[in-house]
Amino acid sequence: MASAELRIINRRIKSVKSTKKITRAMELIASSRIVKAQQRLTSSNNYTNLLAQIVEELTGSGEMPTSPKIEGTKKITLVVITSDRGLAGAYNTNILKLAEIRKSEYENLNNKVEIVTVGKKANGYFKYRNIEPKQNYEGITDEPNFENALEIMTPLVQEFYEGKTNQIELVYTEYQSAMTQTALYKTVLPFEVEQIAKEIESVGGYTFEPSASQVLSNIIPKYTNATIFSALLNASTSEHAARMRAMKAATENAEELIKILSRKSNQARQAEITTEISEIVGGAEALAG
Amino acid sequence: MFVEVVCPEENCFTGEATMVISRTPNGEIGILEGHEPTVATLQPGGLTIEHDNQRTSFGISGGILQITGEKVIVLAELIEKVDGDHEKAIEVGQGLAKQAFTTEE
């Protein structure tokens, strides 16, 4: 009877050990991907910052982007960026929670909300709740490239200018450091020029070719594309970081579990030996008696 | 004159150059040292940089050009380095723009 217990424990140890190998491998893969993702994030930030700088320059010279005026119910498109695969800790849960909050906030103000999902997880989440996403993109978040950003953004921008949607908002995870990633939302269109314009007096005295307004109308689509590209990169880097942390914790837990189970297994083995000895001693005594 | 060619995925060119050639809606533009500060849109087509007595050409799907006192910055969404002259680059750039356009459909 005791040997059965021993066998069960040893089997569990074996299975925990193989789980540990898997989680450890996933941790290593994620950590090697973070480095690459971070580099891409940095160069995309460089691009976005330079664009932003030119936009500031333009608005400083008195040019303002025009957006169609909206009255009554607004139609809002939420672009929710999650991962395709799980095992990334609370990464997907956090972003979906935020998306749900934004959605109900808008709906409480009598706005109509449509969802565009990036990543299998978001798609599954909304489908399960009987909300059919207007559009779903998969296979992007592991290593997003700029073409992916265009693919997502171009139809939305077109709808925006046709008046089919009045606001495009991204819900994604921002990568701050390997330890900190925050779920946040950002409005892409209508284009918002923050207060920066007033602080920066037209510095350069630039000549605009062909004209300031044309440069501006040319730059805004580029800026929105860059914004979503940077959101995709942020999300992807965060995903890898979240997965690395989750898998690290899993590996550590597995180690802990193995320790506890080995102790139990030793105890069971010892109990088995004791039983055997007492059986032998009992048998010998019976013979002698 | 210091030239930087930046696209979302990488930094394509950084360094000293003697001349930058491209095309704005108003026509071909060649930028030499000491050009007045300008912000211009670039047409889909070629971008050629003359540096160290050689020319490096790129095809671009359109872009933004910023000239400040000391720097020339080119921002391009889709960019591809071209082995060949400016004419070849123009072809490649227009191809890229078409490709970006078909994703739009």
# chains A, B, ... in the order shown; residues from 1 in each chain; ligands from 1
call {"tool": "closest_atom_pairs", "arguments": {"of": "chain B", "to": "chain A", "cutoff": "7 Å", "atoms": "only C-alpha atoms", "output": "tab-separated table"}}
result
residue	atom	partner	partner_atom	distance
B:Val6	CA	A:Tyr47	CA	6.0
B:Cys7	CA	A:Tyr47	CA	6.0
B:Pro8	CA	A:Ser44	CA	4.5
B:Glu9	CA	A:Ser44	CA	5.8
B:Glu10	CA	A:Ser43	CA	5.5
B:Asn11	CA	A:Ser43	CA	6.7
B:Pro25	CA	A:Pro210	CA	6.5
B:Asn26	CA	A:Pro210	CA	6.4
B:Pro37	CA	A:Tyr206	CA	5.0
B:Thr38	CA	A:Thr207	CA	4.5
B:Val39	CA	A:Phe208	CA	5.0
B:Ala40	CA	A:Glu209	CA	4.5
B:Thr41	CA	A:Val215	CA	5.9
B:Thr103	CA	A:Glu151	CA	5.9
B:Glu104	CA	A:Thr154	CA	5.4
call {"tool": "write_last_selection", "arguments": {"atoms": "C-alpha atoms", "output": "PDB file, in the first residue's frame"}}
result
ATOM      1  CA  VAL B   6      14.568  57.703 -40.687  1.00  0.00           C
ATOM      2  CA  CYS B   7      11.803  55.206 -41.213  1.00  0.00           C
ATOM      3  CA  PRO B   8       9.593  53.493 -38.621  1.00  0.00           C
ATOM      4  CA  GLU B   9      11.479  50.206 -38.626  1.00  0.00           C
ATOM      5  CA  GLU B  10      15.071  51.372 -38.666  1.00  0.00           C
ATOM      6  CA  ASN B  11      17.497  54.195 -39.200  1.00  0.00           C
ATOM      7  CA  PRO B  25       5.215  68.244 -55.571  1.00  0.00           C
ATOM      8  CA  ASN B  26       6.842  71.382 -57.004  1.00  0.00           C
ATOM      9  CA  PRO B  37      15.087  75.913 -43.341  1.00  0.00           C
ATOM     10  CA  THR B  38      12.314  74.050 -45.127  1.00  0.00           C
ATOM     11  CA  VAL B  39       9.664  71.449 -44.480  1.00  0.00           C
ATOM     12  CA  ALA B  40       8.493  69.733 -47.633  1.00  0.00           C
ATOM     13  CA  THR B  41       6.507  66.694 -48.627  1.00  0.00           C
ATOM     14  CA  THR B 103      -3.029  47.514 -48.930  1.00  0.00           C
ATOM     15  CA  GLU B 104      -5.449  50.403 -48.626  1.00  0.00           C
TER      16      GLU B 104
END
call {"tool": "residues_around", "arguments": {"residues": "B:Ala89", "least_positions_apart": "6", "cutoff": "7 Å", "atoms": "only C-alpha atoms", "output": "PyMOL selection string"}}
result
chain B and resi 45-47+57-59+82
call {"tool": "residues_around", "arguments": {"residues": "A:Ala250", "least_positions_apart": "6", "cutoff": "12 Å", "atoms": "only C-alpha atoms", "output": "number ranges by chain"}}
result
A: 16-17, 19-27, 87-89, 243-244, 256-257
call {"tool": "write_last_selection", "arguments": {"atoms": "N, CA and C atoms", "output": "CSV table (one decimal), in the first residue's frame"}}
result
chain,number,residue,atom,x,y,z
A,16,VAL,N,6.0,17.4,-12.9
A,16,VAL,CA,6.4,18.8,-12.6
A,16,VAL,C,7.7,19.2,-13.2
A,17,LYS,N,8.6,18.2,-13.2
A,17,LYS,CA,10.0,18.5,-13.8
A,17,LYS,C,9.9,18.8,-15.2
A,19,THR,N,7.2,20.0,-16.8
A,19,THR,CA,6.6,21.3,-16.9
A,19,THR,C,7.6,22.4,-16.7
A,20,LYS,N,8.5,22.2,-15.7
A,20,LYS,CA,9.5,23.2,-15.4
A,20,LYS,C,10.4,23.4,-16.6
A,21,LYS,N,10.7,22.3,-17.3
A,21,LYS,CA,11.6,22.5,-18.5
A,21,LYS,C,10.9,23.4,-19.5
A,22,ILE,N,9.6,23.1,-19.7
A,22,ILE,CA,8.9,23.9,-20.7
A,22,ILE,C,8.8,25.4,-20.3
A,23,THR,N,8.4,25.7,-19.1
A,23,THR,CA,8.3,27.1,-18.6
A,23,THR,C,9.7,27.8,-18.7
A,24,ARG,N,10.7,27.0,-18.4
A,24,ARG,CA,12.1,27.6,-18.4
A,24,ARG,C,12.4,28.0,-19.9
A,25,ALA,N,12.1,27.1,-20.8
A,25,ALA,CA,12.4,27.4,-22.2
A,25,ALA,C,11.6,28.6,-22.7
A,26,MET,N,10.3,28.7,-22.3
A,26,MET,CA,9.5,29.8,-22.7
A,26,MET,C,10.0,31.1,-22.2
A,27,GLU,N,10.5,31.0,-20.9
A,27,GLU,CA,11.1,32.2,-20.3
A,27,GLU,C,12.3,32.7,-21.1
A,87,LEU,N,-0.5,32.4,-21.6
A,87,LEU,CA,0.6,32.2,-20.8
A,87,LEU,C,1.5,33.4,-20.7
A,88,ALA,N,0.8,34.6,-20.5
A,88,ALA,CA,1.6,35.8,-20.4
A,88,ALA,C,1.1,36.5,-19.1
A,89,GLY,N,0.7,35.8,-18.1
A,89,GLY,CA,0.3,36.4,-16.9
A,89,GLY,C,-1.0,37.2,-17.0
A,243,ARG,N,5.2,37.7,-20.6
A,243,ARG,CA,5.4,36.3,-20.7
A,243,ARG,C,6.7,35.8,-19.9
A,244,MET,N,7.7,36.6,-20.1
A,244,MET,CA,9.0,36.3,-19.4
A,244,MET,C,8.7,36.2,-17.9
A,256,GLU,N,9.8,24.9,-6.3
A,256,GLU,CA,9.3,24.8,-5.0
A,256,GLU,C,8.5,23.5,-4.8
A,257,LEU,N,7.7,23.2,-5.8
A,257,LEU,CA,6.8,22.1,-5.8
A,257,LEU,C,7.7,20.8,-5.7
call {"tool": "atom_distance", "arguments": {"atom1": "atom CA of B:Val3", "atom2": "atom CA of A:Ala52"}}
result
18.6 Å
call {"tool": "select_by_dssp", "arguments": {"residues": "chain B", "states": "strand (DSSP E)", "output": "number ranges by chain"}}
result
B: 2-6, 11-16, 19-24, 27-31, 38-42, 45-51, 54-60, 63-67, 71-76, 79-82
call {"tool": "select_by_dssp", "arguments": {"residues": "chain B", "states": "helix (DSSP H, G or I)", "output": "list in words"}}
result
His86, Glu87, Lys88, Ala89, Ile90, Glu91, Val92, Gly93, Gln94, Gly95, Leu96, Ala97, Lys98, Gln99, Ala100, Phe101, Thr102, Thr103 and Glu104 of chain B
call {"tool": "write_last_selection", "arguments": {"atoms": "N, CA and C atoms", "output": "mmCIF file, in the first residue's frame"}}
result
data_model
loop_
_atom_site.group_PDB
_atom_site.id
_atom_site.type_symbol
_atom_site.label_atom_id
_atom_site.label_comp_id
_atom_site.auth_asym_id
_atom_site.auth_seq_id
_atom_site.Cartn_x
_atom_site.Cartn_y
_atom_site.Cartn_z
ATOM 1 N N HIS B 86 19.618 57.017 -59.654
ATOM 2 C CA HIS B 86 18.415 57.688 -59.186
ATOM 3 C C HIS B 86 17.176 57.227 -59.962
ATOM 4 N N GLU B 87 17.349 56.982 -61.262
ATOM 5 C CA GLU B 87 16.194 56.551 -62.086
ATOM 6 C C GLU B 87 15.614 55.236 -61.552
ATOM 7 N N LYS B 88 16.537 54.331 -61.240
ATOM 8 C CA LYS B 88 16.120 53.028 -60.712
ATOM 9 C C LYS B 88 15.369 53.220 -59.383
ATOM 10 N N ALA B 89 15.911 54.130 -58.568
ATOM 11 C CA ALA B 89 15.304 54.394 -57.259
ATOM 12 C C ALA B 89 13.881 54.919 -57.417
ATOM 13 N N ILE B 90 13.684 55.793 -58.420
ATOM 14 C CA ILE B 90 12.344 56.347 -58.653
ATOM 15 C C ILE B 90 11.357 55.228 -58.955
ATOM 16 N N GLU B 91 11.810 54.293 -59.811
ATOM 17 C CA GLU B 91 10.962 53.154 -60.150
ATOM 18 C C GLU B 91 10.573 52.368 -58.902
ATOM 19 N N VAL B 92 11.586 52.043 -58.102
ATOM 20 C CA VAL B 92 11.352 51.251 -56.889
ATOM 21 C C VAL B 92 10.404 51.981 -55.947
ATOM 22 N N GLY B 93 10.630 53.281 -55.789
ATOM 23 C CA GLY B 93 9.797 54.083 -54.886
ATOM 24 C C GLY B 93 8.342 54.088 -55.327
ATOM 25 N N GLN B 94 8.134 54.247 -56.644
ATOM 26 C CA GLN B 94 6.753 54.259 -57.128
ATOM 27 C C GLN B 94 6.102 52.896 -56.933
ATOM 28 N N GLY B 95 6.924 51.849 -57.052
ATOM 29 C CA GLY B 95 6.430 50.501 -56.785
ATOM 30 C C GLY B 95 5.980 50.365 -55.346
ATOM 31 N N LEU B 96 6.788 50.903 -54.440
ATOM 32 C CA LEU B 96 6.461 50.839 -53.009
ATOM 33 C C LEU B 96 5.153 51.562 -52.711
ATOM 34 N N ALA B 97 4.999 52.731 -53.335
ATOM 35 C CA ALA B 97 3.792 53.523 -53.104
ATOM 36 C C ALA B 97 2.565 52.762 -53.595
ATOM 37 N N LYS B 98 2.731 52.093 -54.745
ATOM 38 C CA LYS B 98 1.624 51.326 -55.292
ATOM 39 C C LYS B 98 1.254 50.196 -54.331
ATOM 40 N N GLN B 99 2.277 49.569 -53.785
ATOM 41 C CA GLN B 99 2.079 48.470 -52.853
ATOM 42 C C GLN B 99 1.322 48.962 -51.605
ATOM 43 N N ALA B 100 1.735 50.134 -51.111
ATOM 44 C CA ALA B 100 1.058 50.703 -49.940
ATOM 45 C C ALA B 100 -0.393 51.016 -50.285
ATOM 46 N N PHE B 101 -0.592 51.450 -51.534
ATOM 47 C CA PHE B 101 -1.929 51.815 -51.983
ATOM 48 C C PHE B 101 -2.829 50.600 -52.076
ATOM 49 N N THR B 102 -2.263 49.471 -52.549
ATOM 50 C CA THR B 102 -3.101 48.274 -52.672
ATOM 51 C C THR B 102 -3.478 47.711 -51.309
ATOM 52 N N THR B 103 -2.632 47.946 -50.283
ATOM 53 C CA THR B 103 -3.029 47.514 -48.930
ATOM 54 C C THR B 103 -4.238 48.314 -48.490
ATOM 55 N N GLU B 104 -4.334 49.550 -49.026
ATOM 56 C CA GLU B 104 -5.449 50.403 -48.626
ATOM 57 C C GLU B 104 -6.787 49.843 -49.097
#
call {"tool": "atom_distance", "arguments": {"atom1": "atom CA of A:Leu170", "atom2": "atom CA of B:Gln66"}}
result
28.7 Å
call {"tool": "closest_residue", "arguments": {"among": "B:Val20, B:Val5, B:Leu32, B:Leu78", "to": "B:Ser61", "atoms": "only C-alpha atoms"}}
result
B:Leu78
call {"tool": "atom_distance", "arguments": {"atom1": "atom CA of A:Glu252", "atom2": "atom CA of A:Ile13"}}
result
14.5 Å
call {"tool": "residues_around", "arguments": {"residues": "A:Leu98", "least_positions_apart": "4", "cutoff": "8 Å", "atoms": "only C-alpha atoms", "output": "count of residues only"}}
result
5
call {"tool": "closest_residue", "arguments": {"among": "B:Ser22, B:Phe2, B:Thr56, B:Ile49", "to": "B:Asp83", "atoms": "only C-alpha atoms"}}
result
B:Thr56
